[in-house]
Amino acid sequence: MRSWLPALLALGLAGHPPAVFAQEKAVVSMDGDSWLVPGRFPAGQSPDGNSIILKGPEGLVLVDTGRHVGHVGLISGAVFGLGAGWPVAIVNTHWHLDHVSGNSMLKHSWPQIKVYGTSAIDGALTGFLANSAANSRKALEAGEIPETAVADVKRDLATIARGKDLRPDVVVDEPLDVRLAGRPLSLRIARHAVTERDLWIYDSAAKRAIVGDLVTVPVPFLDTACPEGWLKALDDVAASGAEQIVPGHGPIMAIADFDRWRAAFGDFIACASGTGALETCSAGWLAGAARWIGADTERAKAMADYYGELVRSKKLDGYCKV
Ligand SMILES: [Zn+2]
């Protein structure tokens with residue numbers, strides 16, 4: 001395996017899969033005052049996470065801002081199209097670039113925006129993101145990046161170079177009940193889950209949990225994860241009273257579907273942490289999450305194989321250290 005291949009697999013850039021969960025709608029209404037801007041993950045590109053727009057009496061709250069200019073354009077277009085006020089806050093669920101890269105463009109358009117997020121970005125800027133930028137530069141120089149991925153890689157390098165722009169204006173490292181745009185929201189914190197510190201939102205009025213990458217399809221993105229902490233965070237989401245889950249990637253889930261996803265995730269982690277054949281773990285994931293994978297089995301299998309190996313390798317143990 002070439003040195004760059006794992007990262008490409010992690011970004012979903014390898015293989016020859018069909019387009020995945022390409023929702024047709026640019027904006028999906030969840031109820032009268034909440035909308036989803038679905039993140040896309042086309043073959044040969046890196047993904048955008050889902051973004052959510054919440055309307056309050058004093059404006060709009062945006063949750064996560066995507067990676068690509070096109071996705072940020074969809075958020076901005078939705079804001080203008082809804083005619084429901086202007087954004088006053090961004091809540092970032094975690095620092096992965098497919099969730100925070102749009103922050104600065106949106107703040108440029110609406111300078112009153114305050115960004116809420118955890119301090120985990122600080123460690124990422126000197127650790128994972130710094131390493132990943134160094135590897136990307138080497139791979140670019142060596143011509144190892146496929147043509148379709150070069151623009152994405154260069155954009156991510158530029159985003160990392162302006163890393164201080166990714167820092168939140170308001171650091172939320174502990175659970176916090178707030179009113180954003182006049183709308184009450186409970187900001188919950190997961191330690192050592194998808195990243196060192198993730199934020200998820202419980203919206204009690206809607207009985208809805210907006211969970212970022214604690215739930216993703218076509219596979220769980222384990223690159224910077226502590227699997228045990230992630231499982232614990234999913235227990236907390238399950239105990240929250242939510243009847244609806246908004247994942248970081250993929251469609252909105254009723255709680256019964258979340259329970260199915262959580263069971264498949266638990267089985268995958270248990271299998272990959274064991275000693276049996278790793279192909280069994282991937283096959284179990286593909287069966288358990290089939291309803292979300294659809295025709296994208298080739299890419300999902302390649303990514304599940306990669307993440308199964310990552311869990312088995314113990315390389316993720318460092319992300320569990322307090
Ligand atoms: Zn993501």
# chains A, B, ... in the order shown; residues from 1 in each chain; ligands from 1

$ residues_near_ligand --ligand "ligand 1" --cutoff "8 Å" --atoms "only C-alpha atoms and all ligand atoms" --output "list in words"
Pro47, Asp48, Gly49, Asn50, His96, Leu97, Asp98, His99, Gly212, Asp213, Thr216, Phe221, Gly248 and His249 of chain A

$ closest_atom_pairs --of "stretch 159-191 of chain A" --to "stretch 115-125 of chain A" --cutoff "7 Å" --atoms "only C-alpha atoms" --output "Markdown table"
| residue | atom | partner | partner_atom | distance |
| --- | --- | --- | --- | --- |
| A:Gly163 | CA | A:Leu125 | CA | 6.7 |
| A:Arg167 | CA | A:Ile121 | CA | 6.5 |
| A:Pro168 | CA | A:Val115 | CA | 4.9 |
| A:Asp169 | CA | A:Val115 | CA | 5.1 |
| A:Val170 | CA | A:Tyr116 | CA | 4.9 |
| A:Val171 | CA | A:Thr118 | CA | 5.3 |
| A:Val172 | CA | A:Thr118 | CA | 4.9 |
| A:Asp173 | CA | A:Thr118 | CA | 5.1 |

$ closest_residue --among "A:Gly83, A:Pro220, A:Pro38, A:Gly294" --to "A:Arg262" --atoms "only C-alpha atoms"
A:Pro220

$ atom_distance --atom1 "atom CA of A:Tyr306" --atom2 "atom CA of A:Leu157"
23.5 Å

$ residues_around --residues "A:Ala290" --least-positions-apart "3" --cutoff "12 Å" --atoms "only C-alpha atoms" --output "VMD selection string"
chain A and resid 217 to 219 257 260 to 261 264 282 to 287 293 to 297 300 to 301

$ write_last_selection --atoms "N, CA, C and O atoms" --output "PDB file, in the first residue's frame"
ATOM      1  N   VAL A 217     -22.545   8.036   7.944  1.00  0.00           N
ATOM      2  CA  VAL A 217     -22.565   6.988   6.935  1.00  0.00           C
ATOM      3  C   VAL A 217     -21.744   7.504   5.747  1.00  0.00           C
ATOM      4  O   VAL A 217     -21.591   8.723   5.599  1.00  0.00           O
ATOM      5  N   PRO A 218     -21.152   6.626   4.934  1.00  0.00           N
ATOM      6  CA  PRO A 218     -21.387   5.184   4.876  1.00  0.00           C
ATOM      7  C   PRO A 218     -20.612   4.369   5.919  1.00  0.00           C
ATOM      8  O   PRO A 218     -20.860   3.188   6.047  1.00  0.00           O
ATOM      9  N   VAL A 219     -19.684   4.982   6.635  1.00  0.00           N
ATOM     10  CA  VAL A 219     -18.928   4.278   7.679  1.00  0.00           C
ATOM     11  C   VAL A 219     -18.689   5.263   8.814  1.00  0.00           C
ATOM     12  O   VAL A 219     -18.819   6.473   8.616  1.00  0.00           O
ATOM     13  N   ASP A 257     -33.880   3.964  14.052  1.00  0.00           N
ATOM     14  CA  ASP A 257     -32.763   3.822  13.111  1.00  0.00           C
ATOM     15  C   ASP A 257     -31.431   4.117  13.808  1.00  0.00           C
ATOM     16  O   ASP A 257     -30.422   3.458  13.551  1.00  0.00           O
ATOM     17  N   ARG A 260     -30.383   1.115  15.526  1.00  0.00           N
ATOM     18  CA  ARG A 260     -29.805   0.136  14.590  1.00  0.00           C
ATOM     19  C   ARG A 260     -28.359   0.529  14.235  1.00  0.00           C
ATOM     20  O   ARG A 260     -27.474  -0.316  14.187  1.00  0.00           O
ATOM     21  N   TRP A 261     -28.147   1.815  13.978  1.00  0.00           N
ATOM     22  CA  TRP A 261     -26.805   2.277  13.626  1.00  0.00           C
ATOM     23  C   TRP A 261     -25.850   2.034  14.794  1.00  0.00           C
ATOM     24  O   TRP A 261     -24.730   1.556  14.617  1.00  0.00           O
ATOM     25  N   ALA A 264     -24.875  -1.553  15.087  1.00  0.00           N
ATOM     26  CA  ALA A 264     -23.904  -1.941  14.046  1.00  0.00           C
ATOM     27  C   ALA A 264     -22.516  -1.387  14.382  1.00  0.00           C
ATOM     28  O   ALA A 264     -21.500  -2.060  14.199  1.00  0.00           O
ATOM     29  N   SER A 282     -15.962  -6.014   8.583  1.00  0.00           N
ATOM     30  CA  SER A 282     -16.470  -5.192   7.482  1.00  0.00           C
ATOM     31  C   SER A 282     -17.808  -5.734   6.997  1.00  0.00           C
ATOM     32  O   SER A 282     -18.751  -4.968   6.755  1.00  0.00           O
ATOM     33  N   ALA A 283     -17.875  -7.060   6.864  1.00  0.00           N
ATOM     34  CA  ALA A 283     -19.115  -7.670   6.361  1.00  0.00           C
ATOM     35  C   ALA A 283     -20.260  -7.380   7.339  1.00  0.00           C
ATOM     36  O   ALA A 283     -21.383  -7.079   6.926  1.00  0.00           O
ATOM     37  N   GLY A 284     -19.960  -7.445   8.634  1.00  0.00           N
ATOM     38  CA  GLY A 284     -20.986  -7.147   9.639  1.00  0.00           C
ATOM     39  C   GLY A 284     -21.470  -5.714   9.535  1.00  0.00           C
ATOM     40  O   GLY A 284     -22.666  -5.433   9.611  1.00  0.00           O
ATOM     41  N   TRP A 285     -20.511  -4.793   9.333  1.00  0.00           N
ATOM     42  CA  TRP A 285     -20.889  -3.378   9.184  1.00  0.00           C
ATOM     43  C   TRP A 285     -21.768  -3.190   7.942  1.00  0.00           C
ATOM     44  O   TRP A 285     -22.809  -2.532   7.993  1.00  0.00           O
ATOM     45  N   LEU A 286     -21.325  -3.767   6.813  1.00  0.00           N
ATOM     46  CA  LEU A 286     -22.079  -3.594   5.561  1.00  0.00           C
ATOM     47  C   LEU A 286     -23.497  -4.125   5.704  1.00  0.00           C
ATOM     48  O   LEU A 286     -24.447  -3.542   5.156  1.00  0.00           O
ATOM     49  N   ALA A 287     -23.664  -5.219   6.466  1.00  0.00           N
ATOM     50  CA  ALA A 287     -25.011  -5.776   6.665  1.00  0.00           C
ATOM     51  C   ALA A 287     -25.812  -4.883   7.624  1.00  0.00           C
ATOM     52  O   ALA A 287     -26.956  -4.522   7.345  1.00  0.00           O
ATOM     53  N   ILE A 293     -26.078   2.482   3.185  1.00  0.00           N
ATOM     54  CA  ILE A 293     -24.982   2.327   2.223  1.00  0.00           C
ATOM     55  C   ILE A 293     -25.525   2.203   0.798  1.00  0.00           C
ATOM     56  O   ILE A 293     -24.923   2.718  -0.151  1.00  0.00           O
ATOM     57  N   GLY A 294     -26.663   1.566   0.665  1.00  0.00           N
ATOM     58  CA  GLY A 294     -27.288   1.433  -0.650  1.00  0.00           C
ATOM     59  C   GLY A 294     -26.342   0.788  -1.645  1.00  0.00           C
ATOM     60  O   GLY A 294     -25.777  -0.277  -1.375  1.00  0.00           O
ATOM     61  N   ALA A 295     -26.129   1.458  -2.778  1.00  0.00           N
ATOM     62  CA  ALA A 295     -25.301   0.898  -3.851  1.00  0.00           C
ATOM     63  C   ALA A 295     -23.814   1.208  -3.662  1.00  0.00           C
ATOM     64  O   ALA A 295     -22.990   0.854  -4.500  1.00  0.00           O
ATOM     65  N   ASP A 296     -23.479   1.872  -2.563  1.00  0.00           N
ATOM     66  CA  ASP A 296     -22.092   2.333  -2.363  1.00  0.00           C
ATOM     67  C   ASP A 296     -21.241   1.276  -1.654  1.00  0.00           C
ATOM     68  O   ASP A 296     -20.324   1.600  -0.909  1.00  0.00           O
ATOM     69  N   THR A 297     -21.525  -0.004  -1.888  1.00  0.00           N
ATOM     70  CA  THR A 297     -20.883  -1.052  -1.094  1.00  0.00           C
ATOM     71  C   THR A 297     -19.376  -1.135  -1.321  1.00  0.00           C
ATOM     72  O   THR A 297     -18.636  -1.412  -0.383  1.00  0.00           O
ATOM     73  N   ALA A 300     -17.756   1.655   0.655  1.00  0.00           N
ATOM     74  CA  ALA A 300     -18.009   1.422   2.083  1.00  0.00           C
ATOM     75  C   ALA A 300     -17.156   0.263   2.589  1.00  0.00           C
ATOM     76  O   ALA A 300     -16.603   0.321   3.698  1.00  0.00           O
ATOM     77  N   LYS A 301     -17.024  -0.776   1.778  1.00  0.00           N
ATOM     78  CA  LYS A 301     -16.220  -1.928   2.204  1.00  0.00           C
ATOM     79  C   LYS A 301     -14.747  -1.534   2.323  1.00  0.00           C
ATOM     80  O   LYS A 301     -14.085  -1.877   3.311  1.00  0.00           O
TER      81      LYS A 301
END

$ select_by_dssp --residues "stretch 218-276 of chain A" --states "strand (DSSP E or B)" --output "PyMOL selection string"
chain A and resi 244-249+253-254

$ write_last_selection --atoms "N, CA, C and O atoms" --output "PDB file, in the first residue's frame"
ATOM      1  N   GLN A 244     -35.324  12.038  17.504  1.00  0.00           N
ATOM      2  CA  GLN A 244     -34.788  12.207  16.149  1.00  0.00           C
ATOM      3  C   GLN A 244     -33.305  12.564  16.260  1.00  0.00           C
ATOM      4  O   GLN A 244     -32.915  13.330  17.135  1.00  0.00           O
ATOM      5  N   ILE A 245     -32.508  11.994  15.357  1.00  0.00           N
ATOM      6  CA  ILE A 245     -31.064  12.215  15.381  1.00  0.00           C
ATOM      7  C   ILE A 245     -30.645  12.826  14.047  1.00  0.00           C
ATOM      8  O   ILE A 245     -30.998  12.309  12.986  1.00  0.00           O
ATOM      9  N   VAL A 246     -29.871  13.902  14.125  1.00  0.00           N
ATOM     10  CA  VAL A 246     -29.300  14.482  12.901  1.00  0.00           C
ATOM     11  C   VAL A 246     -27.815  14.134  12.886  1.00  0.00           C
ATOM     12  O   VAL A 246     -27.041  14.615  13.721  1.00  0.00           O
ATOM     13  N   PRO A 247     -27.400  13.243  11.972  1.00  0.00           N
ATOM     14  CA  PRO A 247     -26.005  12.810  11.934  1.00  0.00           C
ATOM     15  C   PRO A 247     -25.082  13.845  11.297  1.00  0.00           C
ATOM     16  O   PRO A 247     -25.549  14.825  10.704  1.00  0.00           O
ATOM     17  N   GLY A 248     -23.789  13.593  11.396  1.00  0.00           N
ATOM     18  CA  GLY A 248     -22.807  14.466  10.753  1.00  0.00           C
ATOM     19  C   GLY A 248     -22.716  14.231   9.253  1.00  0.00           C
ATOM     20  O   GLY A 248     -22.337  15.120   8.495  1.00  0.00           O
ATOM     21  N   HIS A 249     -23.038  13.014   8.825  1.00  0.00           N
ATOM     22  CA  HIS A 249     -23.085  12.658   7.401  1.00  0.00           C
ATOM     23  C   HIS A 249     -24.235  11.680   7.235  1.00  0.00           C
ATOM     24  O   HIS A 249     -24.319  10.705   7.982  1.00  0.00           O
ATOM     25  N   MET A 253     -32.285  10.546  11.144  1.00  0.00           N
ATOM     26  CA  MET A 253     -32.711   9.224  11.599  1.00  0.00           C
ATOM     27  C   MET A 253     -33.768   9.343  12.699  1.00  0.00           C
ATOM     28  O   MET A 253     -33.613  10.146  13.625  1.00  0.00           O
ATOM     29  N   ALA A 254     -34.817   8.515  12.582  1.00  0.00           N
ATOM     30  CA  ALA A 254     -35.707   8.307  13.725  1.00  0.00           C
ATOM     31  C   ALA A 254     -34.920   7.512  14.766  1.00  0.00           C
ATOM     32  O   ALA A 254     -33.921   6.861  14.439  1.00  0.00           O
TER      33      ALA A 254
END

$ closest_residue --among "A:Cys320, A:Val37, A:Leu129, A:Val178" --to "A:Asp64" --atoms "only C-alpha atoms"
A:Val37

$ residues_around --residues "stretch 143-148 of chain A" --least-positions-apart "4" --cutoff "7 Å" --atoms "only C-alpha atoms" --output "PyMOL selection string"
chain A and resi 44-45+139

$ select_by_dssp --residues "stretch 126-289 of chain A" --states "alpha helix (DSSP H)" --output "ChimeraX atom specification"
/A:126,128-141,147-161,227-238,255-273,278-288

$ closest_residue --among "A:Met303, A:Ile255, A:Ala238, A:Ala181" --to "A:Lys114" --atoms "only C-alpha atoms"
A:Ala181

$ atom_distance --atom1 "atom CA of A:Phe265" --atom2 "atom CA of A:Leu278"
14.4 Å

$ atom_distance --atom1 "atom CA of A:Lys25" --atom2 "atom CA of A:Asp259"
25.8 Å

$ closest_residue --among "A:Arg155, A:Arg183, A:Arg291, A:Arg137" --to "A:Ala205" --atoms "only C-alpha atoms"
A:Arg183

$ closest_residue --among "A:Ala130, A:Val72, A:Leu140, A:Leu60" --to "A:Ile90" --atoms "only C-alpha atoms"
A:Leu60

$ residues_around --residues "A:Arg208" --least-positions-apart "3" --cutoff "7 Å" --atoms "only C-alpha atoms" --output "CSV table (one decimal) with all heavy atoms, in the first residue's frame"
chain,number,residue,atom,x,y,z
A,202,TYR,N,-28.5,19.0,22.2
A,202,TYR,CA,-29.9,18.5,22.4
A,202,TYR,C,-30.8,19.6,22.4
A,202,TYR,O,-30.7,20.6,23.2
A,202,TYR,CB,-29.9,17.7,23.8
A,202,TYR,CG,-31.3,17.1,23.9
A,202,TYR,CD1,-31.8,16.2,23.0
A,202,TYR,CD2,-32.2,17.5,25.0
A,202,TYR,CE1,-33.0,15.6,23.1
A,202,TYR,CE2,-33.4,16.9,25.1
A,202,TYR,CZ,-33.9,16.0,24.1
A,202,TYR,OH,-35.1,15.4,24.2
A,203,ASP,N,-31.8,19.5,21.5
A,203,ASP,CA,-32.8,20.6,21.3
A,203,ASP,C,-34.1,20.0,22.0
A,203,ASP,O,-34.8,19.2,21.3
A,203,ASP,CB,-33.0,20.8,19.8
A,203,ASP,CG,-34.0,21.9,19.5
A,203,ASP,OD1,-34.8,22.2,20.4
A,203,ASP,OD2,-34.1,22.3,18.4
A,204,SER,N,-34.4,20.3,23.2
A,204,SER,CA,-35.4,19.6,23.9
A,204,SER,C,-36.8,20.0,23.4
A,204,SER,O,-37.7,19.1,23.4
A,204,SER,CB,-35.4,19.9,25.4
A,204,SER,OG,-35.5,21.3,25.7
A,242,ALA,N,-34.0,12.1,23.0
A,242,ALA,CA,-34.2,12.5,21.6
A,242,ALA,C,-35.0,11.4,20.9
A,242,ALA,O,-34.9,10.2,21.1
A,242,ALA,CB,-32.8,12.6,20.9
A,243,GLU,N,-35.9,11.9,20.1
A,243,GLU,CA,-36.7,11.0,19.2
A,243,GLU,C,-36.2,11.1,17.8
A,243,GLU,O,-36.6,10.3,16.9
A,243,GLU,CB,-38.2,11.4,19.3
A,243,GLU,CG,-38.8,11.2,20.7
A,243,GLU,CD,-40.2,11.7,20.8
A,243,GLU,OE1,-40.7,12.3,19.9
A,243,GLU,OE2,-40.7,11.5,21.9
A,244,GLN,N,-35.3,12.0,17.5
A,244,GLN,CA,-34.8,12.2,16.1
A,244,GLN,C,-33.3,12.6,16.3
A,244,GLN,O,-32.9,13.3,17.1
A,244,GLN,CB,-35.5,13.3,15.4
A,244,GLN,CG,-35.2,13.5,14.0
A,244,GLN,CD,-35.9,14.7,13.4
A,244,GLN,OE1,-35.8,15.8,13.8
A,244,GLN,NE2,-36.8,14.4,12.4
A,245,ILE,N,-32.5,12.0,15.4
A,245,ILE,CA,-31.1,12.2,15.4
A,245,ILE,C,-30.6,12.8,14.0
A,245,ILE,O,-31.0,12.3,13.0
A,245,ILE,CB,-30.3,10.9,15.6
A,245,ILE,CG1,-30.8,10.1,16.8
A,245,ILE,CG2,-28.8,11.1,15.6
A,245,ILE,CD1,-30.5,10.8,18.1

$ residues_around --residues "A:Trp110" --least-positions-apart "6" --cutoff "8 Å" --atoms "only C-alpha atoms" --output "mmCIF file with N, CA and C atoms, in the first residue's frame"
data_model
loop_
_atom_site.group_PDB
_atom_site.id
_atom_site.type_symbol
_atom_site.label_atom_id
_atom_site.label_comp_id
_atom_site.auth_asym_id
_atom_site.auth_seq_id
_atom_site.Cartn_x
_atom_site.Cartn_y
_atom_site.Cartn_z
ATOM 1 N N TRP A 86 -30.922 36.649 10.132
ATOM 2 C CA TRP A 86 -29.510 36.456 9.798
ATOM 3 C C TRP A 86 -28.828 35.591 10.843
ATOM 4 N N PRO A 87 -27.768 34.900 10.435
ATOM 5 C CA PRO A 87 -27.068 34.048 11.419
ATOM 6 C C PRO A 87 -26.334 34.882 12.466
ATOM 7 N N VAL A 88 -26.503 34.505 13.714
ATOM 8 C CA VAL A 88 -25.784 35.185 14.791
ATOM 9 C C VAL A 88 -24.780 34.251 15.474
#

$ decode --residues "stretch 184-259 of chain A" --atoms "C-alpha atoms" --output "PDB file, in the first residue's frame"
ATOM      1  CA  PRO A 184     -32.755  27.410  24.140  1.00  0.00           C
ATOM      2  CA  LEU A 185     -30.244  24.688  23.299  1.00  0.00           C
ATOM      3  CA  SER A 186     -28.347  22.244  25.460  1.00  0.00           C
ATOM      4  CA  LEU A 187     -24.722  21.908  24.370  1.00  0.00           C
ATOM      5  CA  ARG A 188     -23.400  18.516  25.472  1.00  0.00           C
ATOM      6  CA  ILE A 189     -19.750  17.461  25.542  1.00  0.00           C
ATOM      7  CA  ALA A 190     -18.287  14.079  24.633  1.00  0.00           C
ATOM      8  CA  ARG A 191     -14.725  13.474  25.812  1.00  0.00           C
ATOM      9  CA  HIS A 192     -12.427  11.307  23.711  1.00  0.00           C
ATOM     10  CA  ALA A 193     -15.006  10.254  21.149  1.00  0.00           C
ATOM     11  CA  VAL A 194     -14.691  11.327  17.466  1.00  0.00           C
ATOM     12  CA  THR A 195     -12.036  13.816  18.597  1.00  0.00           C
ATOM     13  CA  GLU A 196     -10.540  14.709  21.945  1.00  0.00           C
ATOM     14  CA  ARG A 197     -13.626  16.777  22.737  1.00  0.00           C
ATOM     15  CA  ASP A 198     -16.811  16.828  20.652  1.00  0.00           C
ATOM     16  CA  LEU A 199     -19.899  18.935  21.079  1.00  0.00           C
ATOM     17  CA  TRP A 200     -23.413  17.735  20.354  1.00  0.00           C
ATOM     18  CA  ILE A 201     -26.684  19.577  20.743  1.00  0.00           C
ATOM     19  CA  TYR A 202     -29.865  18.481  22.449  1.00  0.00           C
ATOM     20  CA  ASP A 203     -32.831  20.554  21.349  1.00  0.00           C
ATOM     21  CA  SER A 204     -35.434  19.612  23.945  1.00  0.00           C
ATOM     22  CA  ALA A 205     -38.286  21.555  22.327  1.00  0.00           C
ATOM     23  CA  ALA A 206     -37.897  19.409  19.195  1.00  0.00           C
ATOM     24  CA  LYS A 207     -36.728  16.248  21.049  1.00  0.00           C
ATOM     25  CA  ARG A 208     -33.853  16.258  18.561  1.00  0.00           C
ATOM     26  CA  ALA A 209     -30.136  15.537  18.979  1.00  0.00           C
ATOM     27  CA  ILE A 210     -27.706  17.071  16.475  1.00  0.00           C
ATOM     28  CA  VAL A 211     -24.727  14.821  16.972  1.00  0.00           C
ATOM     29  CA  GLY A 212     -22.061  15.668  14.378  1.00  0.00           C
ATOM     30  CA  ASP A 213     -19.830  12.726  13.493  1.00  0.00           C
ATOM     31  CA  LEU A 214     -20.982  10.612  16.438  1.00  0.00           C
ATOM     32  CA  VAL A 215     -23.202   9.179  13.684  1.00  0.00           C
ATOM     33  CA  THR A 216     -21.984   8.993  10.075  1.00  0.00           C
ATOM     34  CA  VAL A 217     -22.565   6.988   6.935  1.00  0.00           C
ATOM     35  CA  PRO A 218     -21.387   5.184   4.876  1.00  0.00           C
ATOM     36  CA  VAL A 219     -18.928   4.278   7.679  1.00  0.00           C
ATOM     37  CA  PRO A 220     -17.893   5.709  11.053  1.00  0.00           C
ATOM     38  CA  PHE A 221     -14.946   8.069  10.452  1.00  0.00           C
ATOM     39  CA  LEU A 222     -12.519   6.804  13.074  1.00  0.00           C
ATOM     40  CA  ASP A 223      -9.366   8.732  12.021  1.00  0.00           C
ATOM     41  CA  THR A 224      -9.015  10.718  15.277  1.00  0.00           C
ATOM     42  CA  ALA A 225     -11.306   8.632  17.475  1.00  0.00           C
ATOM     43  CA  CYS A 226     -11.273   6.832  20.779  1.00  0.00           C
ATOM     44  CA  PRO A 227     -13.754   3.997  20.130  1.00  0.00           C
ATOM     45  CA  GLU A 228     -14.589   3.470  23.832  1.00  0.00           C
ATOM     46  CA  GLY A 229     -15.344   7.149  24.370  1.00  0.00           C
ATOM     47  CA  TRP A 230     -17.409   7.185  21.206  1.00  0.00           C
ATOM     48  CA  LEU A 231     -19.529   4.260  22.452  1.00  0.00           C
ATOM     49  CA  LYS A 232     -20.065   6.071  25.757  1.00  0.00           C
ATOM     50  CA  ALA A 233     -21.115   9.245  23.903  1.00  0.00           C
ATOM     51  CA  LEU A 234     -23.681   7.218  21.939  1.00  0.00           C
ATOM     52  CA  ASP A 235     -25.061   5.917  25.260  1.00  0.00           C
ATOM     53  CA  ASP A 236     -25.475   9.544  26.366  1.00  0.00           C
ATOM     54  CA  VAL A 237     -27.272  10.438  23.125  1.00  0.00           C
ATOM     55  CA  ALA A 238     -29.564   7.418  23.568  1.00  0.00           C
ATOM     56  CA  ALA A 239     -30.364   8.533  27.141  1.00  0.00           C
ATOM     57  CA  SER A 240     -31.060  12.145  26.145  1.00  0.00           C
ATOM     58  CA  GLY A 241     -34.730  11.689  25.303  1.00  0.00           C
ATOM     59  CA  ALA A 242     -34.154  12.479  21.619  1.00  0.00           C
ATOM     60  CA  GLU A 243     -36.695  11.040  19.203  1.00  0.00           C
ATOM     61  CA  GLN A 244     -34.788  12.207  16.149  1.00  0.00           C
ATOM     62  CA  ILE A 245     -31.064  12.215  15.381  1.00  0.00           C
ATOM     63  CA  VAL A 246     -29.300  14.482  12.901  1.00  0.00           C
ATOM     64  CA  PRO A 247     -26.005  12.810  11.934  1.00  0.00           C
ATOM     65  CA  GLY A 248     -22.807  14.466  10.753  1.00  0.00           C
ATOM     66  CA  HIS A 249     -23.085  12.658   7.401  1.00  0.00           C
ATOM     67  CA  GLY A 250     -26.187  11.005   6.000  1.00  0.00           C
ATOM     68  CA  PRO A 251     -29.939  11.360   6.400  1.00  0.00           C
ATOM     69  CA  ILE A 252     -31.936  12.285   9.504  1.00  0.00           C
ATOM     70  CA  MET A 253     -32.711   9.224  11.599  1.00  0.00           C
ATOM     71  CA  ALA A 254     -35.707   8.307  13.725  1.00  0.00           C
ATOM     72  CA  ILE A 255     -34.579   6.953  17.080  1.00  0.00           C
ATOM     73  CA  ALA A 256     -35.214   3.331  15.995  1.00  0.00           C
ATOM     74  CA  ASP A 257     -32.763   3.822  13.111  1.00  0.00           C
ATOM     75  CA  PHE A 258     -30.227   5.408  15.451  1.00  0.00           C
ATOM     76  CA  ASP A 259     -30.509   2.309  17.658  1.00  0.00           C
TER      77      ASP A 259
END
